[in-house]
$ cat work_0.cif   # mmCIF, C-alpha atoms
data_structure
#
loop_
_atom_site.label_atom_id
_atom_site.label_comp_id
_atom_site.auth_asym_id
_atom_site.auth_seq_id
_atom_site.Cartn_x
_atom_site.Cartn_y
_atom_site.Cartn_z
CA MET F 23 67.42 58.79 142.93
CA ASP F 24 67.70 61.93 140.80
CA GLU F 25 69.07 62.07 137.27
CA SER F 26 72.50 63.47 138.11
CA SER F 27 73.08 60.76 140.75
CA LEU F 28 72.04 58.08 138.27
CA ILE F 29 74.40 59.51 135.66
CA HIS F 30 77.19 59.62 138.23
CA GLU F 31 76.58 55.99 139.22
CA ALA F 32 76.38 54.92 135.58
CA GLN F 33 79.66 56.69 134.85
CA HIS F 34 81.21 54.44 137.49
CA GLY F 35 79.95 51.36 135.66
CA ASP F 36 76.62 50.84 137.43
CA LEU F 37 74.51 49.24 134.71
CA ASP F 38 71.34 49.32 136.80
CA ALA F 39 71.61 53.08 137.17
CA PHE F 40 72.10 53.41 133.44
CA ASN F 41 69.13 51.14 132.73
CA THR F 42 66.97 53.39 134.92
CA LEU F 43 67.99 56.26 132.61
CA VAL F 44 67.22 54.07 129.59
CA LEU F 45 63.70 53.43 130.88
CA ALA F 46 63.20 57.16 131.37
CA TYR F 47 64.41 58.17 127.89
CA GLN F 48 63.73 55.19 125.63
CA ASP F 49 60.40 56.59 124.49
CA ILE F 50 61.81 59.89 123.20
CA VAL F 51 64.89 58.15 121.75
CA TYR F 52 62.85 55.57 119.83
CA ASN F 53 60.27 58.07 118.55
CA THR F 54 63.02 60.45 117.41
CA ALA F 55 64.75 57.64 115.54
CA LEU F 56 61.42 56.55 114.05
CA ARG F 57 60.64 60.03 112.72
CA ILE F 58 64.12 60.49 111.27
CA LEU F 59 64.33 57.01 109.73
CA GLY F 60 60.66 56.28 109.00
CA ASP F 61 61.13 52.57 109.68
CA GLU F 62 60.28 50.75 112.91
CA ASP F 63 62.98 48.10 112.74
CA LEU F 64 65.72 50.52 111.78
CA ALA F 65 64.54 52.86 114.53
CA ALA F 66 64.70 50.06 117.10
CA ASP F 67 68.21 49.12 115.96
CA ALA F 68 69.36 52.74 116.02
CA SER F 69 67.88 53.23 119.51
CA GLN F 70 69.61 50.14 120.86
CA ASP F 71 72.91 51.15 119.26
CA ALA F 72 72.51 54.64 120.68
CA PHE F 73 72.06 53.33 124.23
CA ILE F 74 75.03 50.99 123.89
CA SER F 75 77.25 53.80 122.56
CA SER F 76 75.97 56.13 125.27
CA PHE F 77 76.91 53.70 128.03
CA ARG F 78 80.38 53.25 126.60
CA ALA F 79 80.89 56.99 126.06
CA LEU F 80 79.23 58.09 129.28
CA ASN F 81 82.47 59.47 130.69
CA SER F 82 82.54 62.02 127.86
CA TYR F 83 79.31 63.54 129.20
CA ARG F 84 80.32 66.77 130.93
CA GLY F 85 77.03 68.06 132.28
CA GLY F 86 74.30 70.05 130.52
CA SER F 87 71.12 68.54 129.17
CA PHE F 88 71.43 64.76 129.36
CA ARG F 89 68.43 64.46 127.06
CA ALA F 90 70.23 66.53 124.39
CA TRP F 91 73.42 64.46 124.85
CA LEU F 92 71.44 61.24 124.45
CA LEU F 93 69.59 62.56 121.41
CA ARG F 94 72.88 63.49 119.78
CA THR F 95 73.90 59.84 120.08
CA VAL F 96 70.64 58.68 118.55
CA THR F 97 70.80 61.19 115.68
CA ASN F 98 74.33 59.97 114.92
CA ALA F 99 73.07 56.37 114.98
CA CYS F 100 70.25 57.41 112.60
CA TYR F 101 72.72 59.06 110.21
CA ASP F 102 74.73 55.81 110.23
CA GLU F 103 71.57 53.83 109.43
CA LEU F 104 70.65 56.23 106.63
CA ARG F 105 74.13 55.92 105.11
CA ARG F 106 73.85 52.13 105.35
CA LYS F 107 70.38 52.25 103.81
CA LYS F 108 71.72 54.37 100.93
CA ARG F 109 74.42 51.80 100.23
CA ARG F 110 71.99 48.86 100.44
CA PRO F 111 68.48 50.04 99.53
CA THR F 112 65.69 47.77 100.74
CA ILE F 113 62.12 47.26 99.62
CA SER F 114 59.43 47.69 102.24
CA LEU F 115 57.40 44.58 103.03
CA GLU F 116 54.42 46.69 104.09
CA PRO F 117 51.48 46.93 101.67
CA SER F 118 51.66 50.08 99.59
CA THR F 119 49.23 52.33 97.75
CA ASP F 120 49.23 53.00 94.03
CA ASP F 121 51.52 55.99 94.70
CA GLY F 122 54.04 53.67 96.26
CA ASP F 123 53.38 54.92 99.81
CA ASP F 124 53.21 52.43 102.65
CA VAL F 125 49.75 51.86 104.07
CA GLU F 126 49.72 52.67 107.76
CA THR F 127 47.57 50.43 109.90
CA PRO F 128 45.90 51.33 113.19
CA ARG F 129 47.55 48.42 115.05
CA TRP F 130 50.78 50.43 115.10
CA LEU F 131 49.36 53.36 116.99
CA SER F 132 50.14 54.11 120.57
CA ASP F 133 46.67 54.46 122.03
CA PRO F 134 44.90 51.08 122.10
CA ASN F 135 41.87 52.61 123.85
CA ALA F 136 41.07 55.02 121.01
CA THR F 137 37.93 54.40 118.97
CA PRO F 138 38.37 53.05 115.44
CA GLU F 139 37.57 56.53 114.08
CA GLU F 140 40.20 58.17 116.29
CA GLN F 141 42.67 55.53 115.33
CA LEU F 142 42.00 56.18 111.66
CA ASP F 143 42.42 59.95 112.16
CA GLN F 144 45.72 59.37 113.94
CA ALA F 145 46.90 57.01 111.24
CA GLU F 146 46.11 59.54 108.52
CA LEU F 147 47.82 62.34 110.41
CA GLU F 148 50.87 60.21 111.06
CA HIS F 149 51.04 59.12 107.45
CA ALA F 150 50.88 62.72 106.22
CA ILE F 151 53.52 63.92 108.69
CA GLN F 152 55.89 61.05 108.00
CA HIS F 153 55.56 61.49 104.25
CA CYS F 154 56.35 65.21 104.51
CA LEU F 155 59.24 64.62 106.93
CA GLU F 156 60.82 62.14 104.56
CA ASN F 157 60.75 64.73 101.78
CA LEU F 158 62.93 67.04 103.86
CA PRO F 159 66.73 66.95 103.74
CA THR F 160 68.05 64.89 106.68
CA ASP F 161 69.54 67.90 108.52
CA PHE F 162 66.25 69.83 108.35
CA ARG F 163 64.28 66.75 109.34
CA THR F 164 66.42 66.15 112.41
CA VAL F 165 66.02 69.73 113.61
CA VAL F 166 62.26 69.80 113.11
CA VAL F 167 61.82 66.40 114.79
CA LEU F 168 63.82 67.51 117.82
CA ALA F 169 62.21 70.94 118.13
CA ASP F 170 58.61 70.49 117.00
CA ILE F 171 57.91 66.83 117.68
CA GLN F 172 60.05 66.16 120.76
CA GLY F 173 59.73 69.70 122.14
CA LEU F 174 63.42 70.50 122.72
CA ASP F 175 64.37 74.17 123.01
CA TYR F 176 66.85 75.76 120.61
CA THR F 177 69.81 75.32 122.97
CA GLU F 178 69.10 71.62 123.37
CA VAL F 179 68.64 71.16 119.63
CA ALA F 180 71.94 72.99 119.03
CA ALA F 181 73.65 70.67 121.54
CA ALA F 182 72.03 67.59 120.00
CA VAL F 183 73.10 68.35 116.43
CA LYS F 184 76.31 70.22 117.38
CA LYS F 185 75.43 73.31 115.33
CA PRO F 186 75.22 76.99 116.32
CA LEU F 187 71.90 78.53 117.33
CA GLY F 188 71.73 80.59 114.10
CA THR F 189 71.86 77.41 112.02
CA ILE F 190 69.11 75.84 114.10
CA LYS F 191 66.86 78.89 113.66
CA SER F 192 67.43 78.95 109.94
CA ARG F 193 66.93 75.19 109.43
CA LEU F 194 63.80 75.20 111.55
CA ALA F 195 62.26 78.09 109.60
CA ARG F 196 63.00 76.42 106.26
CA ALA F 197 61.74 73.06 107.47
CA ARG F 198 58.49 74.53 108.77
CA LEU F 199 57.87 76.34 105.50
CA ARG F 200 58.44 73.21 103.44
CA LEU F 201 56.32 71.13 105.79
CA ARG F 202 53.50 73.63 105.59
CA GLU F 203 53.52 73.37 101.80
CA CYS F 204 53.68 69.59 101.88
CA LEU F 205 50.94 69.22 104.49
CA GLN F 206 48.60 71.40 102.43
CA SER F 207 48.54 68.64 99.82
CA PHE F 208 47.24 66.28 102.53
CA ARG F 209 44.56 68.69 103.66
CA GLU F 210 41.71 66.24 103.01
CA LEU F 211 43.51 63.50 104.90
CA LEU F 212 44.16 65.56 108.00
CA PRO F 213 41.85 65.02 110.99
CA ALA F 214 38.66 67.00 111.17
CA ALA F 215 39.80 68.73 114.35
CA PHE F 216 42.83 70.07 112.56
CA ARG F 217 40.79 71.27 109.60
CA LEU F 218 38.59 73.25 112.00
CA GLU F 219 41.68 74.80 113.56
CA GLU F 220 42.87 75.69 110.11
CA GLU F 221 39.56 77.34 109.25
CA ARG F 222 39.72 79.39 112.44
CA GLY F 223 43.12 80.61 111.23
CA LEU F 224 45.14 79.24 114.14
CA MET X 28 51.32 93.16 100.39
CA THR X 29 55.11 92.80 100.49
CA ILE X 30 57.23 89.90 99.37
CA LEU X 31 58.85 88.35 102.40
CA SER X 32 62.55 87.70 102.65
CA PHE X 33 63.90 84.52 104.24
CA ARG X 34 65.11 86.68 107.13
CA ASP X 35 61.47 87.60 107.79
CA VAL X 36 60.43 83.94 107.76
CA GLU X 37 63.28 83.08 110.14
CA GLN X 38 62.19 85.85 112.48
CA LEU X 39 58.60 84.69 112.39
CA SER X 40 59.68 81.13 113.18
CA ALA X 41 61.81 82.32 116.10
CA PHE X 42 58.94 84.55 117.23
CA LEU X 43 56.69 81.48 117.46
CA ASP X 44 59.19 79.81 119.76
CA GLY X 45 59.77 82.93 121.87
CA GLN X 46 63.40 83.12 120.77
CA LEU X 47 63.44 86.86 119.95
CA THR X 48 64.59 89.62 122.26
CA GLN X 49 61.99 91.98 123.65
CA VAL X 50 62.96 94.72 121.17
CA GLU X 51 62.89 92.37 118.15
CA MET X 52 59.57 90.98 119.28
CA SER X 53 57.81 94.34 119.63
CA ARG X 54 59.21 95.49 116.29
CA LEU X 55 57.99 92.31 114.55
CA GLU X 56 54.57 92.48 116.22
CA ALA X 57 54.11 96.00 114.82
CA ARG X 58 55.04 94.78 111.34
CA ILE X 59 52.68 91.80 111.59
CA ARG X 60 49.80 94.10 112.47
CA SER X 61 50.45 96.27 109.42
CA ASP X 62 51.52 93.57 106.90
CA PRO X 63 48.97 90.86 106.00
CA ALA X 64 51.69 88.78 104.24
CA LEU X 65 53.64 88.52 107.49
CA ALA X 66 50.48 87.64 109.41
CA SER X 67 49.56 84.96 106.87
CA THR X 68 53.04 83.39 106.90
CA LEU X 69 53.02 83.41 110.70
CA ALA X 70 49.69 81.56 110.63
CA ASP X 71 51.13 79.02 108.19
CA LEU X 72 54.18 78.38 110.33
CA ARG X 73 52.08 78.11 113.46
CA GLN X 74 49.82 75.61 111.75
CA ALA X 75 52.73 73.48 110.61
CA ARG X 76 54.13 73.52 114.13
CA SER X 77 50.74 72.65 115.55
CA ILE X 78 50.41 69.61 113.27
CA LEU X 79 53.89 68.41 114.19
CA HIS X 80 53.05 68.73 117.90
CA ARG X 81 50.19 66.32 117.28
CA THR X 82 52.39 63.61 115.81
CA PRO X 83 51.21 60.38 117.44
CA LYS X 84 53.74 58.67 119.68
CA ARG X 85 54.45 55.08 118.84
CA ARG X 86 54.57 52.38 121.45
CA LEU X 87 57.99 50.88 122.01
CA PRO X 88 58.49 47.52 120.32
CA ARG X 89 60.59 46.43 123.32
CA ASN X 90 62.62 47.77 126.20
CA PHE X 91 66.09 49.01 125.30
CA THR X 92 67.73 48.28 128.65
CA LEU X 93 71.21 46.86 128.33
CA THR X 94 72.37 43.43 129.40
CA PRO X 95 75.91 43.11 130.83
CA LYS X 96 76.95 41.49 127.54
CA MET X 97 75.65 44.43 125.48
CA ALA X 98 77.39 46.85 127.79
CA GLY X 99 80.62 44.87 127.49
CA ILE X 100 80.68 44.13 131.23
CA LYS X 101 82.53 40.89 131.93
CA PRO X 102 82.16 38.91 135.15
CA PRO X 103 85.04 39.58 137.54
CA VAL X 104 87.87 37.04 137.40
CA PRO X 105 88.75 35.65 140.86
CA ARG X 106 92.40 36.33 141.79
CA SER X 107 93.15 32.63 142.10
CA VAL X 108 92.32 31.96 138.44
CA PRO X 109 95.34 33.67 136.84
CA ALA X 110 97.58 32.28 139.62
CA LEU X 111 96.35 28.76 138.90
CA GLY X 112 96.81 29.35 135.21
CA TRP X 113 100.41 30.42 135.66
CA ALA X 114 101.14 27.51 138.01
CA SER X 115 99.66 25.14 135.46
CA ALA X 116 101.83 26.63 132.71
CA VAL X 117 104.93 26.19 134.87
CA ALA X 118 104.00 22.58 135.65
CA MET X 119 103.51 21.94 131.95
CA LEU X 120 106.93 23.38 131.17
CA VAL X 121 108.59 21.26 133.84
CA PHE X 122 106.82 18.22 132.45
CA THR X 123 108.09 18.97 128.94
CA PHE X 124 111.67 19.48 130.10
CA THR X 125 111.80 16.45 132.33
CA LEU X 126 110.22 14.23 129.73
CA GLY X 127 112.66 15.51 127.13
CA ALA X 128 115.63 15.06 129.44
CA ASN X 129 114.53 11.52 130.29
CA LEU X 130 114.18 10.54 126.64
CA LEU X 131 117.56 12.04 125.78
CA SER X 132 119.34 10.25 128.64
CA LYS X 133 117.73 6.96 127.63
CA LEU X 134 118.78 7.41 124.02
CA SER X 135 122.39 8.24 124.93
CA PHE X 136 122.57 5.43 127.50
CA GLY X 137 121.05 3.01 125.01
CA ALA X 138 123.77 3.89 122.48
CA ALA X 139 126.57 3.37 125.03
CA ALA X 140 125.31 0.01 126.34
CA PRO X 141 126.56 -2.22 123.46
CA MET X 142 130.03 -0.70 123.80
CA LEU X 143 130.04 -1.49 127.49
CA ALA X 144 128.97 -5.02 126.78
CA ALA X 145 131.74 -5.52 124.22
CA ALA X 146 134.56 -4.14 126.39
CA PRO X 147 136.75 -6.73 128.22
CA VAL X 148 136.17 -6.45 131.83
CA THR X 149 138.59 -7.49 134.46
CA SER X 150 138.15 -7.56 138.14
CA GLU X 151 140.18 -4.37 138.21
CA GLY X 152 138.20 -1.40 139.20
CA TYR X 153 134.90 -3.23 139.34
CA GLY X 154 133.61 -1.56 142.35
CA LEU X 155 135.86 -2.98 144.99
CA GLY X 156 136.94 0.22 146.50
CA GLY X 157 139.03 1.43 143.55
CA GLY X 158 142.73 1.17 143.00
CA PRO X 159 144.49 -1.70 141.38
CA ALA X 160 143.47 -4.94 142.93
CA PRO X 161 145.93 -7.78 143.30
CA THR X 162 145.64 -10.21 140.44
CA ALA X 163 143.15 -12.75 141.40
CA PRO X 164 144.34 -16.27 141.27
CA SER X 165 142.66 -18.37 138.67
CA ALA X 166 140.44 -21.27 139.49
CA SER X 167 143.12 -23.73 138.46
CA ASP X 168 145.61 -21.94 140.70
CA ASN X 169 143.23 -22.26 143.57
CA THR X 170 143.31 -26.00 143.30
CA GLN X 171 146.99 -25.97 143.94
CA ILE X 172 146.80 -23.87 147.01
CA THR X 173 146.41 -25.64 150.20
CA PRO X 174 143.64 -23.93 151.91
CA THR X 175 144.37 -22.67 155.30
CA PRO X 176 141.78 -21.00 157.47
CA GLU X 177 143.39 -17.62 156.65
CA THR X 178 143.60 -18.14 152.87
CA SER X 179 140.14 -19.60 152.62
CA LEU X 180 138.80 -16.39 154.12
CA LEU X 181 140.64 -14.40 151.47
CA VAL X 182 140.17 -16.67 148.46
CA ILE X 183 136.59 -17.73 148.54
CA PRO X 184 135.14 -14.27 148.14
CA THR X 185 137.68 -13.50 145.39
CA GLN X 186 136.70 -16.66 143.57
CA THR X 187 133.04 -15.79 143.80
CA LEU X 188 133.76 -12.27 142.65
CA SER X 189 135.88 -13.36 139.72
CA SER X 190 133.26 -15.80 138.53
CA GLU X 191 130.66 -13.07 138.72
CA THR X 192 132.81 -10.45 137.02
CA ARG X 193 134.45 -12.46 134.35
CA GLN X 194 131.88 -11.20 131.89
CA VAL X 195 129.58 -8.25 132.06
CA PRO X 196 126.13 -9.71 131.87
CA PRO X 197 124.10 -8.34 128.98
CA SER X 198 121.53 -7.20 131.42
CA ALA X 199 123.90 -4.75 133.05
CA THR X 200 121.57 -1.86 132.11
CA PRO X 201 118.70 -1.94 134.54
CA SER X 202 115.53 -2.94 132.75
CA PRO X 203 112.56 -0.57 133.29
CA LYS X 204 110.19 -3.45 132.88
CA ALA X 205 111.87 -5.51 135.42
CA LYS X 206 112.17 -2.81 137.99
CA PHE X 207 109.96 0.22 138.83
CA ASP X 208 112.05 3.31 138.19
CA PHE X 209 110.63 6.50 139.61
CA ASP X 210 112.69 8.61 137.16
CA ASP X 211 110.57 7.28 134.28
CA TYR X 212 107.30 8.29 135.84
CA TRP X 213 107.81 11.50 137.70
CA PRO X 214 107.46 13.78 134.61
CA TYR X 215 103.90 12.51 134.37
CA LEU X 216 103.27 13.72 137.87
CA TRP X 217 103.98 17.23 136.57
CA LEU X 218 101.54 16.66 133.72
CA GLY X 219 98.90 15.51 136.19
CA LEU X 220 99.54 18.54 138.35
CA ALA X 221 99.19 20.86 135.34
CA LEU X 222 95.87 19.28 134.41
CA VAL X 223 94.55 19.47 137.96
CA LEU X 224 95.48 23.17 138.14
CA VAL X 225 93.77 23.93 134.83
CA ALA X 226 90.65 22.06 135.93
CA ALA X 227 90.62 23.98 139.22
CA ALA X 228 90.98 27.31 137.39
CA LEU X 229 88.12 26.44 135.03
CA LEU X 230 85.84 25.36 137.87
CA ILE X 231 86.50 28.53 139.87
CA ARG X 232 85.90 30.67 136.77
CA LYS X 233 82.65 28.87 135.97
CA ALA X 234 81.43 29.29 139.54
CA SER X 235 82.25 33.01 139.48
CA VAL X 236 80.43 33.51 136.12
CA GLN X 237 77.36 31.73 137.49
CA ALA X 238 77.43 33.83 140.65
CA PHE X 239 77.73 37.01 138.51
CA ARG X 240 74.77 35.98 136.33
CA ARG X 241 72.66 35.20 139.40
CA LYS X 242 73.54 38.60 140.83
CA MET X 243 72.67 40.45 137.61
CA SER X 244 69.37 38.63 137.06
CA GLY X 245 68.48 39.17 140.71
CA LYS X 246 69.07 42.91 140.30
CA ARG X 247 67.01 43.00 137.11
CA ASN X 248 64.09 41.22 138.81
CA GLN X 249 64.09 43.67 141.72
#
$ encode --input "work_0.cif" --output "structure tokens"
Amino acid sequence: MDESSLIHEAQHGDLDAFNTLVLAYQDIVYNTALRILGDEDLAADASQDAFISSFRALNSYRGGSFRAWLLRTVTNACYDELRRKKRRPTISLEPSTDDGDDVETPRWLSDPNATPEEQLDQAELEHAIQHCLENLPTDFRTVVVLADIQGLDYTEVAAAVKKPLGTIKSRLARARLRLRECLQSFRELLPAAFRLEEERGL
Amino acid sequence: MTILSFRDVEQLSAFLDGQLTQVEMSRLEARIRSDPALASTLADLRQARSILHRTPKRRLPRNFTLTPKMAGIKPPVPRSVPALGWASAVAMLVFTFTLGANLLSKLSFGAAAPMLAAAPVTSEGYGLGGGPAPTAPSASDNTQITPTPETSLLVIPTQTLSSETRQVPPSATPSPKAKFDFDDYWPYLWLGLALVLVAAALLIRKASVQAFRRKMSGKRNQ
């Protein structure tokens, strides 16, 4: 069954059709929430809330990119979580470095077949990216996560954050500039492959 | 080397994503070729984008599929359930009214009984077809009457009646203990009916919920 038929069925209350859509999009929804929030548990909660809200508000979907519509729900859920987090700050239970940064461990990474060295490279890269993302204002972070990490085009990003294309262009440019500056401070931590790319001037 | 404006950076970022028009693109490409600052910033932006593209994807901690409860889907209520509920409510109301009416009538009858017992009762009007009855001769009078076959037919029943009706027996009010009175018990039949209807409604509802759960888990396992 294609996506539009599943959406149509789900709009008529078919939970199985909606769950098929959930299985197709849960990966992008969870990873978006994780990059915006920087916390696995909060990201899981936000993803679940987003799917529940989406099912209840499915009749408000009027065509267009379903992925963008779904990601708008998850970004809203993330903003709610961030507001909640601001009101009730929590202390991370993960071990942290002297700088106060959480230590990322290879067990969290997605590829269990990677060699220990690859896993370490991935962990370092992820740590650097997450640190730099968290230093961005939330609006910039959301745009850069949607465009550069999840690969949405400008129109989809605009639909997901409900902002005009000009705003998306501007936020993305600013976010990329800031990220570039931040990532330069992690140069030694970045994977060797990336450092070679950098030297080649890519 | 020129100092770049934010507009230039924005254009470079859009250029990377192929979001410029053909004219804007060719104009910017010409500037990039002649301006090393533009070329360097473009390289920086491209590098940042390249790193972000490499962000590792995390495995999901669990599936986020919804259960009917999460989605707020309730099992359908069979049509008979509300009907049984209403019928039960009506039976309960009838029970309350009849029980109340019974108690009230007993109380008022109980209050009137001593008055009835105290009132002098004659044979007049005591259920012999109404109307003033001829004064019954007293027992002593009867001794003076020479019984004839005709008078004996008339007198003997009168004598029996007068001896029975000379005083109202204290047990004139029928005793519920002595005699089974359906009026005292039939309100409880309504109560029983109400309870049976409620039990039936609950059983039907439970069966429908179980059937719904079986259906949903069957679909999930498919």
$ resolve_selection --input "work_0.cif" --expression "the PyMOL selection byres ((chain F) within 9 of (chain X))" --output "MDAnalysis selection string"
chainID F and resid 35 37:38 40:45 48:50 52:53 56 62:63 66 69:70 73:75 77:78 130:133 144:145 147:148 151:152 166:167 170:173 175:176 191:196 198:199 201:203 205 216 219:220 223:224
$ atom_distance --input "work_0.cif" --atom1 "CA of Gly85 (chain F)" --atom2 "CA of Leu174 (chain F)"
16.8 Å
$ resolve_selection --input "work_0.cif" --expression "the PyMOL selection byres ((chain X and resi 215) around 12)" --output "list in words"
Ala118, Met119, Leu120, Val121, Phe122, Thr123, Phe124, Thr125, Leu126, Gly127, Asn129, Phe209, Asp210, Asp211, Tyr212, Trp213, Pro214, Leu216, Trp217, Leu218, Gly219, Leu220, Ala221 and Leu222 of chain X
$ write_last_selection --input "work_0.cif" --atoms "C-alpha atoms" --output "PDB file, in the frame of the given file"
ATOM      1  CA  ALA X 118     104.000  22.580 135.650  1.00  0.00           C
ATOM      2  CA  MET X 119     103.510  21.940 131.950  1.00  0.00           C
ATOM      3  CA  LEU X 120     106.930  23.380 131.170  1.00  0.00           C
ATOM      4  CA  VAL X 121     108.590  21.260 133.840  1.00  0.00           C
ATOM      5  CA  PHE X 122     106.820  18.220 132.450  1.00  0.00           C
ATOM      6  CA  THR X 123     108.090  18.970 128.940  1.00  0.00           C
ATOM      7  CA  PHE X 124     111.670  19.480 130.100  1.00  0.00           C
ATOM      8  CA  THR X 125     111.800  16.450 132.330  1.00  0.00           C
ATOM      9  CA  LEU X 126     110.220  14.230 129.730  1.00  0.00           C
ATOM     10  CA  GLY X 127     112.660  15.510 127.130  1.00  0.00           C
ATOM     11  CA  ASN X 129     114.530  11.520 130.290  1.00  0.00           C
ATOM     12  CA  PHE X 209     110.630   6.500 139.610  1.00  0.00           C
ATOM     13  CA  ASP X 210     112.690   8.610 137.160  1.00  0.00           C
ATOM     14  CA  ASP X 211     110.570   7.280 134.280  1.00  0.00           C
ATOM     15  CA  TYR X 212     107.300   8.290 135.840  1.00  0.00           C
ATOM     16  CA  TRP X 213     107.810  11.500 137.700  1.00  0.00           C
ATOM     17  CA  PRO X 214     107.460  13.780 134.610  1.00  0.00           C
ATOM     18  CA  LEU X 216     103.270  13.720 137.870  1.00  0.00           C
ATOM     19  CA  TRP X 217     103.980  17.230 136.570  1.00  0.00           C
ATOM     20  CA  LEU X 218     101.540  16.660 133.720  1.00  0.00           C
ATOM     21  CA  GLY X 219      98.900  15.510 136.190  1.00  0.00           C
ATOM     22  CA  LEU X 220      99.540  18.540 138.350  1.00  0.00           C
ATOM     23  CA  ALA X 221      99.190  20.860 135.340  1.00  0.00           C
ATOM     24  CA  LEU X 222      95.870  19.280 134.410  1.00  0.00           C
TER      25      LEU X 222
END
$ atom_distance --input "work_0.cif" --atom1 "CA of Arg105 (chain F)" --atom2 "CA of Tyr83 (chain F)"
25.8 Å
$ resolve_selection --input "work_0.cif" --expression "the PyMOL selection byres ((chain X and resi 228-237) around 8)" --output "ChimeraX atom specification"
/X:102-105,107-109,111-112,224-227,238-241
$ closest_residue --input "work_0.cif" --among "F:Asn98, F:Leu80, F:Gly86, F:Leu92" --to "Ala68 (chain F)" --atoms "all atoms listed in the file"
F:Asn98
$ atom_distance --input "work_0.cif" --atom1 "CA of Ile29 (chain F)" --atom2 "CA of Glu103 (chain F)"
27.0 Å
$ closest_residue --input "work_0.cif" --among "F:Val165, F:Ile58, F:Val51, F:Val183" --to "Cys100 (chain F)" --atoms "all atoms listed in the file"
F:Ile58
$ axis_aligned_box --input "work_0.cif" --around "region 156-159 of chain F" --padding-each-side "6 Å" --output "AutoDock Vina command-line options"
--center_x 63.7 --center_y 64.6 --center_z 103.2 --size_x 18.0 --size_y 16.9 --size_z 14.8
